[in-house]
2 protein chains.
Amino acid sequence: MSQIEALLAGDRLALTRVLTQVENDTSDGRRALDELFAHTGRAYLIGITGASGTGKSSLVNHLAYYYRHPQQGEQPQRVAVVAVDPSSPFTGGALLGDRIRMRDLAGDPGVFIRSMASRGSLGGLARTTSALVQVFDAAGFDLIMIETVGAGQAEVDIARLAHTTLVVEAPGMGDDIQAIKAGILEVADVLVVNKADHPGVEGTERALRAMLELAHPSPRVFRHHGRKEVLPEEHAQAQDQPVWVPPIQRTIATDGKGIPEVAAAIARHRQHLEHSGDLARRERFRLQTELENLLQATLVARWREASSTQAYLEVLDDLVRRHISPHQAVTQLINGGYSL
Amino acid sequence: MSQIEALLAGDRLALTRVLTQVENDTSDGRRALDELFAHTGRAYLIGITGASGTGKSSLVNHLAYYYRHPQQGEQPQRVAVVAVDPSSPFTGGALLGDRIRMRDLAGDPGVFIRSMASRGSLGGLARTTSALVQVFDAAGFDLIMIETVGAGQAEVDIARLAHTTLVVEAPGMGDDIQAIKAGILEVADVLVVNKADHPGVEGTERALRAMLELAHPSPRVFRHHGRKEVLPEEHAQAQDQPVWVPPIQRTIATDGKGIPEVAAAIARHRQHLEHSGDLARRERFRLQTELENLLQATLVARWREASSTQAYLEVLDDLVRRHISPHQAVTQLINGGYSL
């Protein structure tokens, strides 16, 4: 039995090996991705993002536990977690995180947690995340949670590859809400106010609700020169499918409080996506993003193979001496050494 | 007098126009960058990053004010600020930020503040930031501050284009230090603990100091099998140029407290860079990053011009149906429609 066959049959060791090959972007890893891709498209992807200190990891941990031990009458789901942790090498963040998260789930064959400690470029991080998700998908995991640490643009871009994206807040994180400045509220499908036993939870929830009102206004009728007018974009929205307004869920993740309600909100959003046709649209967008990232990386790699390092360094020297501008440098590099 | 000549002569209106052309990436903007590049390389670039809620904008505001009104015997500096604010359109973050920041500096011709409200791709954001910095540099600004909102990888990548990077923390931002998880401590040249009148400032400073110890260990002598050994990497470090250990500065930015001390720390770091030769190395790295970003964007743009949209959509359809893998799709696209 080949390694791929073993992985498809549920072999954990084969899965671990393929994940490593894929993360290291080896030729074996790339071959595996090609072979596995036809088996993907069945998993449901859940993104979890928010600033550090909001208790995201506990939430992921308890959600995974919940999906393994659901309420009576429901089937346990196979759950994979990809934790994207571009922390600096000296903190050893990924390793530590792994151990903490593993505590409650250790020994359960229906759970697999993978932390990515590698930094590298942003595009690279998104590409690797997507590749790992494909492997888990092909390996038959029902749910794949993608946890991103931090609340920057890059983390948002990774989290939005999911079908349902959770944005996690916590009270008392400073004098304004992290999500607003980072612009992540607009990718949220479900908002979670974690640490709901901490002071300030009402204020955080109120601020989130106010932001949601701005983002999802209900259709209003305006009087303008005596005529009734419905603003065009609101008219379109009103005629459209039912609009999803992100619910706000309170949790105390470390105690497991509010976890079933978050799972229910995710299930409702999934139903909404399926009924509205948005699921297919998101899926297409996701694959197109993947295609674009890979296309870009391949074009650059091919150019580099075909061009001379010597010429590159000479152009860089001219740039540093300010004899040529960056645009002129690029034109020189591409017109000089390019062939495929 | 051409617009470029006017800009070089200090005309503020010409500067505003060129900044807009450059931000919108028009052909005029690209031409302006080519013409201006020979006039760049004189400004000193200061990056300011950290999570939202740390009071970064107040710090930038007061630093700008300080450089305009320095201690006796020092020359006022011309200061530009590029605030990178990839917030969502509905928050109107950039506009609001502008007004707040402008309050103390309004009417001073030696100050220019530019907020970037545009989102777009990450590479695009870094490219535009770098281009705006070039325009300010050519326009004769002595100091250019690059403020990034948030503490994600993208924001760090933008901030690290500076000569001196400030990382801003504040007490009570959650149960762990933002900078550590986001991995930004390693790009810090100066650490600022703002809101130093808030409770918990000692704890924040202690945690930062502990992290710095990890990141910058002093050479230690180990006893191993009875022989004295100096660990190789520490030996190399000890023989090297004097090592810069990021100082920790407390501020209460809203009151201007600690601002002269932060400016002094920046000045010391600048001296260190100049004496150690690191300034030239950083400058080269900065321009190489710029070159790489632009090269990547240009390769993709040229490919897109040369290839057919129809073929692209067909390949995307095959991908969505999972008839081909992403890698196979890219190979098909590049080998199919490529010519330059």
# chains A, B, ... in the order shown; residues from 1 in each chain; ligands from 1
$ residues_around --residues "segment 295-300 of chain B" --least-positions-apart "2" --cutoff "12 Å" --atoms "only C-alpha atoms" --output "NGL selection string"
(:A and (123 or 292-304 or 312 or 326-335 or 338)) or (:B and (121-124 or 126-127 or 288-293 or 302-307 or 334 or 338-340))
$ select_by_dssp --residues "segment 28-89 of chain B" --states "strand (DSSP E)" --output "list in words"
Tyr44, Leu45, Ile46, Gly47, Ile48, Thr49, Val79, Ala80, Val81, Val82, Ala83 and Val84 of chain B
$ residues_around --residues "segment 2-18 of chain B" --least-positions-apart "4" --cutoff "8 Å" --atoms "only C-alpha atoms" --output "ChimeraX atom specification"
/B:22,29,32,35-36,135,138-140
$ residues_around --residues "Ala43 of chain B" --least-positions-apart "5" --cutoff "8 Å" --atoms "only C-alpha atoms" --output "number ranges by chain"
B: 137, 140-144
$ residues_around --residues "segment 60-73 of chain B" --least-positions-apart "5" --cutoff "12 Å" --atoms "only C-alpha atoms" --output "VMD selection string"
chain B and resid 46 to 49 54 to 55 78 to 83 97 to 106 108 to 113 141 to 149 166 to 168 192 194 251 to 264 266 to 267
$ atom_distance --atom1 "atom CA of Thr309 of chain A" --atom2 "atom CA of Gly336 of chain B"
27.3 Å
$ atom_distance --atom1 "atom CA of Asp197 of chain A" --atom2 "atom CA of Leu59 of chain A"
14.6 Å
$ atom_distance --atom1 "atom CA of Gln134 of chain A" --atom2 "atom CA of His163 of chain A"
13.8 Å
$ closest_residue --among "A:Val243, A:Ala265, A:Leu45, A:Ala170" --to "chain B" --atoms "only C-alpha atoms"
A:Ala170
$ select_by_dssp --residues "segment 7-80 of chain B" --states "helix (DSSP H, G or I)" --output "ChimeraX atom specification"
/B:7-8,12-23,27-39,56-68
$ decode --residues "segment 17-52 of chain A" --atoms "N, CA and C atoms" --output "PDB file, in the first residue's frame"
ATOM      1  N   ARG A  17       3.380  11.899   7.977  1.00  0.00           N
ATOM      2  CA  ARG A  17       4.497  12.008   7.027  1.00  0.00           C
ATOM      3  C   ARG A  17       4.144  12.933   5.877  1.00  0.00           C
ATOM      4  N   VAL A  18       2.944  12.774   5.338  1.00  0.00           N
ATOM      5  CA  VAL A  18       2.546  13.604   4.195  1.00  0.00           C
ATOM      6  C   VAL A  18       2.448  15.073   4.616  1.00  0.00           C
ATOM      7  N   LEU A  19       1.917  15.319   5.824  1.00  0.00           N
ATOM      8  CA  LEU A  19       1.827  16.707   6.311  1.00  0.00           C
ATOM      9  C   LEU A  19       3.209  17.347   6.339  1.00  0.00           C
ATOM     10  N   THR A  20       4.195  16.597   6.818  1.00  0.00           N
ATOM     11  CA  THR A  20       5.554  17.138   6.897  1.00  0.00           C
ATOM     12  C   THR A  20       6.108  17.399   5.504  1.00  0.00           C
ATOM     13  N   GLN A  21       5.897  16.444   4.599  1.00  0.00           N
ATOM     14  CA  GLN A  21       6.375  16.642   3.221  1.00  0.00           C
ATOM     15  C   GLN A  21       5.731  17.891   2.603  1.00  0.00           C
ATOM     16  N   VAL A  22       4.440  18.056   2.861  1.00  0.00           N
ATOM     17  CA  VAL A  22       3.719  19.191   2.282  1.00  0.00           C
ATOM     18  C   VAL A  22       4.190  20.497   2.913  1.00  0.00           C
ATOM     19  N   GLU A  23       4.363  20.474   4.237  1.00  0.00           N
ATOM     20  CA  GLU A  23       4.806  21.703   4.905  1.00  0.00           C
ATOM     21  C   GLU A  23       6.198  22.103   4.428  1.00  0.00           C
ATOM     22  N   ASN A  24       7.065  21.121   4.175  1.00  0.00           N
ATOM     23  CA  ASN A  24       8.419  21.424   3.711  1.00  0.00           C
ATOM     24  C   ASN A  24       8.481  21.652   2.202  1.00  0.00           C
ATOM     25  N   ASP A  25       7.323  21.515   1.540  1.00  0.00           N
ATOM     26  CA  ASP A  25       7.230  21.745   0.102  1.00  0.00           C
ATOM     27  C   ASP A  25       8.230  20.900  -0.683  1.00  0.00           C
ATOM     28  N   THR A  26       8.364  19.631  -0.308  1.00  0.00           N
ATOM     29  CA  THR A  26       9.253  18.724  -1.041  1.00  0.00           C
ATOM     30  C   THR A  26       8.542  18.238  -2.307  1.00  0.00           C
ATOM     31  N   SER A  27       9.303  17.582  -3.191  1.00  0.00           N
ATOM     32  CA  SER A  27       8.680  17.079  -4.425  1.00  0.00           C
ATOM     33  C   SER A  27       7.683  15.971  -4.086  1.00  0.00           C
ATOM     34  N   ASP A  28       7.987  15.148  -3.073  1.00  0.00           N
ATOM     35  CA  ASP A  28       7.013  14.158  -2.608  1.00  0.00           C
ATOM     36  C   ASP A  28       5.724  14.846  -2.144  1.00  0.00           C
ATOM     37  N   GLY A  29       5.889  15.938  -1.420  1.00  0.00           N
ATOM     38  CA  GLY A  29       4.737  16.670  -0.911  1.00  0.00           C
ATOM     39  C   GLY A  29       3.879  17.208  -2.038  1.00  0.00           C
ATOM     40  N   ARG A  30       4.535  17.746  -3.061  1.00  0.00           N
ATOM     41  CA  ARG A  30       3.772  18.304  -4.177  1.00  0.00           C
ATOM     42  C   ARG A  30       3.046  17.203  -4.949  1.00  0.00           C
ATOM     43  N   ARG A  31       3.714  16.059  -5.086  1.00  0.00           N
ATOM     44  CA  ARG A  31       3.072  14.921  -5.758  1.00  0.00           C
ATOM     45  C   ARG A  31       1.860  14.450  -4.959  1.00  0.00           C
ATOM     46  N   ALA A  32       2.038  14.402  -3.642  1.00  0.00           N
ATOM     47  CA  ALA A  32       0.935  13.963  -2.775  1.00  0.00           C
ATOM     48  C   ALA A  32      -0.275  14.887  -2.939  1.00  0.00           C
ATOM     49  N   LEU A  33      -0.019  16.188  -2.962  1.00  0.00           N
ATOM     50  CA  LEU A  33      -1.117  17.149  -3.124  1.00  0.00           C
ATOM     51  C   LEU A  33      -1.871  16.911  -4.431  1.00  0.00           C
ATOM     52  N   ASP A  34      -1.110  16.665  -5.509  1.00  0.00           N
ATOM     53  CA  ASP A  34      -1.755  16.404  -6.804  1.00  0.00           C
ATOM     54  C   ASP A  34      -2.655  15.173  -6.723  1.00  0.00           C
ATOM     55  N   GLU A  35      -2.129  14.115  -6.077  1.00  0.00           N
ATOM     56  CA  GLU A  35      -2.900  12.868  -5.987  1.00  0.00           C
ATOM     57  C   GLU A  35      -4.117  13.010  -5.078  1.00  0.00           C
ATOM     58  N   LEU A  36      -3.958  13.795  -4.013  1.00  0.00           N
ATOM     59  CA  LEU A  36      -5.014  13.871  -3.004  1.00  0.00           C
ATOM     60  C   LEU A  36      -6.148  14.815  -3.401  1.00  0.00           C
ATOM     61  N   PHE A  37      -5.852  15.739  -4.336  1.00  0.00           N
ATOM     62  CA  PHE A  37      -6.796  16.828  -4.573  1.00  0.00           C
ATOM     63  C   PHE A  37      -8.182  16.334  -4.985  1.00  0.00           C
ATOM     64  N   ALA A  38      -8.225  15.255  -5.767  1.00  0.00           N
ATOM     65  CA  ALA A  38      -9.523  14.727  -6.214  1.00  0.00           C
ATOM     66  C   ALA A  38     -10.372  14.251  -5.036  1.00  0.00           C
ATOM     67  N   HIS A  39      -9.722  13.980  -3.904  1.00  0.00           N
ATOM     68  CA  HIS A  39     -10.450  13.486  -2.726  1.00  0.00           C
ATOM     69  C   HIS A  39     -10.858  14.616  -1.778  1.00  0.00           C
ATOM     70  N   THR A  40     -10.625  15.867  -2.179  1.00  0.00           N
ATOM     71  CA  THR A  40     -10.940  16.989  -1.281  1.00  0.00           C
ATOM     72  C   THR A  40     -12.301  17.579  -1.614  1.00  0.00           C
ATOM     73  N   GLY A  41     -12.731  18.524  -0.798  1.00  0.00           N
ATOM     74  CA  GLY A  41     -13.984  19.224  -1.071  1.00  0.00           C
ATOM     75  C   GLY A  41     -15.132  18.753  -0.192  1.00  0.00           C
ATOM     76  N   ARG A  42     -14.848  17.848   0.739  1.00  0.00           N
ATOM     77  CA  ARG A  42     -15.914  17.352   1.606  1.00  0.00           C
ATOM     78  C   ARG A  42     -15.887  17.972   2.996  1.00  0.00           C
ATOM     79  N   ALA A  43     -14.699  18.402   3.436  1.00  0.00           N
ATOM     80  CA  ALA A  43     -14.582  18.933   4.803  1.00  0.00           C
ATOM     81  C   ALA A  43     -15.216  20.319   4.905  1.00  0.00           C
ATOM     82  N   TYR A  44     -15.669  20.651   6.104  1.00  0.00           N
ATOM     83  CA  TYR A  44     -16.164  21.996   6.367  1.00  0.00           C
ATOM     84  C   TYR A  44     -15.074  22.761   7.118  1.00  0.00           C
ATOM     85  N   LEU A  45     -14.735  23.961   6.632  1.00  0.00           N
ATOM     86  CA  LEU A  45     -13.590  24.694   7.166  1.00  0.00           C
ATOM     87  C   LEU A  45     -14.046  25.838   8.071  1.00  0.00           C
ATOM     88  N   ILE A  46     -13.532  25.861   9.264  1.00  0.00           N
ATOM     89  CA  ILE A  46     -13.893  26.890  10.247  1.00  0.00           C
ATOM     90  C   ILE A  46     -12.639  27.697  10.589  1.00  0.00           C
ATOM     91  N   GLY A  47     -12.678  28.998  10.335  1.00  0.00           N
ATOM     92  CA  GLY A  47     -11.558  29.869  10.681  1.00  0.00           C
ATOM     93  C   GLY A  47     -11.797  30.521  12.035  1.00  0.00           C
ATOM     94  N   ILE A  48     -10.745  30.623  12.833  1.00  0.00           N
ATOM     95  CA  ILE A  48     -10.862  31.282  14.138  1.00  0.00           C
ATOM     96  C   ILE A  48      -9.752  32.310  14.229  1.00  0.00           C
ATOM     97  N   THR A  49     -10.129  33.579  14.348  1.00  0.00           N
ATOM     98  CA  THR A  49      -9.106  34.617  14.416  1.00  0.00           C
ATOM     99  C   THR A  49      -9.450  35.639  15.492  1.00  0.00           C
ATOM    100  N   GLY A  50      -8.532  36.494  15.799  1.00  0.00           N
ATOM    101  CA  GLY A  50      -8.692  37.482  16.863  1.00  0.00           C
ATOM    102  C   GLY A  50      -7.328  37.773  17.469  1.00  0.00           C
ATOM    103  N   ALA A  51      -7.238  38.825  18.248  1.00  0.00           N
ATOM    104  CA  ALA A  51      -5.957  39.216  18.822  1.00  0.00           C
ATOM    105  C   ALA A  51      -5.503  38.183  19.848  1.00  0.00           C
ATOM    106  N   SER A  52      -4.217  38.217  20.159  1.00  0.00           N
ATOM    107  CA  SER A  52      -3.724  37.317  21.193  1.00  0.00           C
ATOM    108  C   SER A  52      -4.257  37.794  22.540  1.00  0.00           C
TER     109      SER A  52
END
